[in-house]
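Trainee: What follows is a structure written as structure tokens; I'll ask about it next.
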Amino acid sequence: MKRQENKHIILILGASGFLGGAIYKELCSYFRTFGTYNITNKTLEKNHHFFQYNIEEDDVYEILDIVKPTIIISALRGDFSKQVLVHQHLAEYVFLNKIKLIFLSSANVFDAYSKYPSYETDKTYSNSIYGHFKIKIENMLLRLPKKQVAILRLPMVFGNQSPRVLEILQHIKNKTAIEVFPNLIMNVTTDTKVTQQTHYIINRNKSGIFHLGSTDLVHHDDFIKEIIKSLGNPKALFKQVYTTNDDRYLAVLPKYNLLPINLQLLSQDILTELKI
Ligand SMILES: NC(=O)c1ccc[n+]([C@@H]2O[C@H](COP(=O)([O-])OP(=O)(O)OC[C@H]3O[C@@H](n4cnc5c(N)ncnc54)[C@H](OP(=O)(O)O)[C@@H]3O)[C@@H](O)[C@H]2O)c1
């Protein structure tokens, strides 16, 4: 992809995290990119492109006033009600300054529907606190002019450095059981694909709701076992967790707001990537 410095100024909230960090690395050589971190970090403290920011204590406007972003990417975690408040402030800023917000949402906005996979235009409905607050933020952002918002709904994200894979490795090392959900049918993705997709959405000025999961579905337990095989097949212990008697879907399948074929993925691509 061509360098296009100065076209956008990007602020990533949560840039010290797994996905925010991966997106920062992808974008920083193409755009003026800034990020936030929460936990004190000596390296980031010295980096003039990073700001320490805590949603419970700090005013996001102070960072917005300094950075003056043309695109904000929200990749935060933290107290849910504070997240709602921050996104209210972000929505006002985005509207007033006619800029764009990219929000990392989750398949959990559909976690109360278990019988089918979900598509972009399906009505959201959640039983979990996490899903409930994601829906609240999504609904707030969907009131903004359509061109100014991109909602990226992600399923479980795996990758070499993902907390999920690191946790599996830790369990193997400690000889403790890895929880698997045999009834859970889901789609999956990787941080590398999410970062490429985000880059494309920025470059092509795309907006709306995106379902950024693999186009195929996997059973949670099978997929975790496949990951372990890709990691060299070390001996692992499992704990089967059954939350219902029936199969349960947690899948965000793309159907209407499709990305080009090279930016779509199959679950097998993740396993191939983990082998490298
Ligand atoms: N990873 C997945 O599988 C997945 C799936 C679906 C959706 N998502 C969504 O993607 C987004 C990023 O997820 P992630 O897995 O990359 O999370 P993560 O690795 O835990 O990163 C979270 C980021 O938020 C920051 N943060 C945490 N508490 C904060 C607070 N109180 N105030 C300000 N910043 C705070 C962290 O800062 P520190 O590094 O300083 O703690 C970090 O930069 C989240 O919104 C999540 O819901 C993730």
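Identifiers for the structure tokens are assigned positionally: chains receive A, B, ... in sequence, residues are indexed from 1 per chain, and ligands are indexed from 1 in the order shown.
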Around ligand 1, at most 9 Å away and counting only C-alpha atoms and all ligand atoms, which residues are there? Put them as a PyMOL selection string, please.

Mentor: chain A and resi 12-22+35-41+52-58+74-79+82-83+103-108+130-131+134+152-158+162-164+188-191

Trainee: May I have the residues within 9 Å of Lys7 in chain A as a ChimeraX atom specification, using only C-alpha atoms and disregarding those fewer than 3 positions away in the same chain?

Mentor: /A:4,30-32,70

Trainee: Using only N, CA and C atoms, please write the residues we just selected to a file, as a CSV table (one decimal), in the first residue's frame.

Mentor:
chain,number,residue,atom,x,y,z
A,4,GLN,N,0.9,7.5,2.6
A,4,GLN,CA,0.1,8.7,2.3
A,4,GLN,C,0.0,9.5,3.6
A,30,TYR,N,2.0,5.0,7.7
A,30,TYR,CA,1.2,5.6,6.6
A,30,TYR,C,0.5,6.9,7.0
A,31,PHE,N,0.2,7.0,8.3
A,31,PHE,CA,-0.6,8.2,8.8
A,31,PHE,C,0.1,8.7,10.1
A,32,ARG,N,-0.2,10.0,10.4
A,32,ARG,CA,0.2,10.5,11.7
A,32,ARG,C,-0.7,9.8,12.7
A,70,THR,N,-8.5,13.2,12.7
A,70,THR,CA,-9.5,13.2,11.7
A,70,THR,C,-10.2,11.8,11.8

Trainee: Considering only C-alpha atoms, can you say which of A:Thr244, A:His49, A:His89, A:Thr43 comes closest to Tyr61 in chain A?

Mentor: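 Comparing A:Thr244, A:His49, A:His89, A:Thr43 against Tyr61 in chain A, the winner is A:His89.
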
Trainee: Could you name the residues that touch range 271-276 of chain A at 8 Å or less, counting only C-alpha atoms, but leaving out those on the same chain fewer than 2 positions away, as a ChimeraX atom specification?

Mentor: /A:159-160,226-227,230-232,267-269

Trainee: Please provide the set of residues having any atom within 12 Å of Arg143 in chain A, restricted to only C-alpha atoms, with same-chain residues fewer than 6 positions apart removed, written as a list in words.

Mentor: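 Residues meeting the cut-off are Gln88, Ala91, Glu92, Val94, Phe95, Lys136, Ile137, Val149 and Gly208 of chain A.
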
Trainee: Would you mind exporting all heavy atoms of the selected residues as a short mmCIF file (atom, residue, chain, number, x, y, z; two decimals), in the first residue's frame?

Mentor:
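The resulting file, selection-v7.cif, is shown below:
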data_model
loop_
_atom_site.label_atom_id
_atom_site.label_comp_id
_atom_site.auth_asym_id
_atom_site.auth_seq_id
_atom_site.Cartn_x
_atom_site.Cartn_y
_atom_site.Cartn_z
N GLN A 88 -20.01 8.90 24.52
CA GLN A 88 -20.93 10.03 24.35
C GLN A 88 -20.12 11.28 23.98
O GLN A 88 -20.46 12.00 23.05
CB GLN A 88 -21.65 10.30 25.68
CG GLN A 88 -23.12 9.94 25.67
CD GLN A 88 -23.65 9.82 27.09
OE1 GLN A 88 -23.09 10.38 28.04
NE2 GLN A 88 -24.71 9.08 27.24
N ALA A 91 -18.77 10.92 20.48
CA ALA A 91 -19.82 11.11 19.46
C ALA A 91 -20.07 12.61 19.24
O ALA A 91 -20.18 13.07 18.09
CB ALA A 91 -21.09 10.41 19.88
N GLU A 92 -20.10 13.38 20.32
CA GLU A 92 -20.30 14.83 20.19
C GLU A 92 -19.15 15.46 19.40
O GLU A 92 -19.35 16.26 18.50
CB GLU A 92 -20.33 15.50 21.58
CG GLU A 92 -21.66 15.36 22.28
CD GLU A 92 -21.55 15.68 23.76
OE1 GLU A 92 -20.67 16.49 24.15
OE2 GLU A 92 -22.34 15.09 24.54
N VAL A 94 -17.06 13.99 17.31
CA VAL A 94 -17.06 13.51 15.92
C VAL A 94 -18.09 14.29 15.11
O VAL A 94 -17.82 14.72 13.98
CB VAL A 94 -17.39 11.98 15.91
CG1 VAL A 94 -17.78 11.49 14.54
CG2 VAL A 94 -16.18 11.20 16.43
N PHE A 95 -19.26 14.51 15.70
CA PHE A 95 -20.33 15.23 14.99
C PHE A 95 -19.93 16.69 14.74
O PHE A 95 -20.01 17.18 13.61
CB PHE A 95 -21.62 15.16 15.83
CG PHE A 95 -22.78 15.80 15.15
CD1 PHE A 95 -23.34 15.23 14.01
CD2 PHE A 95 -23.33 16.99 15.63
CE1 PHE A 95 -24.41 15.83 13.35
CE2 PHE A 95 -24.39 17.59 14.98
CZ PHE A 95 -24.93 17.00 13.84
N LYS A 136 -25.27 -0.54 23.66
CA LYS A 136 -25.57 0.83 24.05
C LYS A 136 -24.68 1.83 23.28
O LYS A 136 -25.15 2.84 22.77
CB LYS A 136 -25.35 0.95 25.56
CG LYS A 136 -26.20 1.98 26.19
CD LYS A 136 -26.25 1.84 27.68
CE LYS A 136 -26.94 3.11 28.17
NZ LYS A 136 -27.31 3.08 29.53
N ILE A 137 -23.41 1.49 23.20
CA ILE A 137 -22.48 2.38 22.49
C ILE A 137 -22.78 2.36 20.99
O ILE A 137 -22.85 3.40 20.34
CB ILE A 137 -21.01 2.00 22.79
CG1 ILE A 137 -20.71 2.24 24.27
CG2 ILE A 137 -20.04 2.79 21.90
CD1 ILE A 137 -19.37 1.71 24.75
N VAL A 149 -19.21 6.95 10.79
CA VAL A 149 -19.02 5.84 11.74
C VAL A 149 -18.78 4.51 11.05
O VAL A 149 -19.45 4.18 10.07
CB VAL A 149 -20.29 5.67 12.63
CG1 VAL A 149 -20.09 4.56 13.65
CG2 VAL A 149 -20.63 6.95 13.33
N GLY A 208 -20.28 2.25 8.13
CA GLY A 208 -21.38 1.31 8.39
C GLY A 208 -20.95 0.18 9.32
O GLY A 208 -19.93 0.27 10.00
#

Trainee: Just give me the gap between CA of Thr124 in chain A and CA of Glu179 in chain A in Å, one decimal is fine.

Mentor: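 Pair CA of Thr124 in chain A / CA of Glu179 in chain A returns 26.9 Å.
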
Trainee: Write out as a ChimeraX atom specification the residues lying within 10 Å of Ile202 in chain A, counting only C-alpha atoms and excluding same-chain residues fewer than 5 positions away.

Mentor: /A:8,10,27,71,100,102,150,196-197,207

Trainee: Write down as JSON, numbers by chain the residues of range 37-234 of chain A whose backbone DSSP state falls under strand (DSSP E).

Mentor: {"A": [37, 50, 51, 52, 71, 72, 73, 74, 100, 101, 102, 103, 104, 105, 106, 149, 150, 151, 152, 153, 154, 156, 157, 158, 177, 178, 179, 180, 184, 185, 186, 188, 189, 190, 208, 209, 210, 211, 218, 219]}
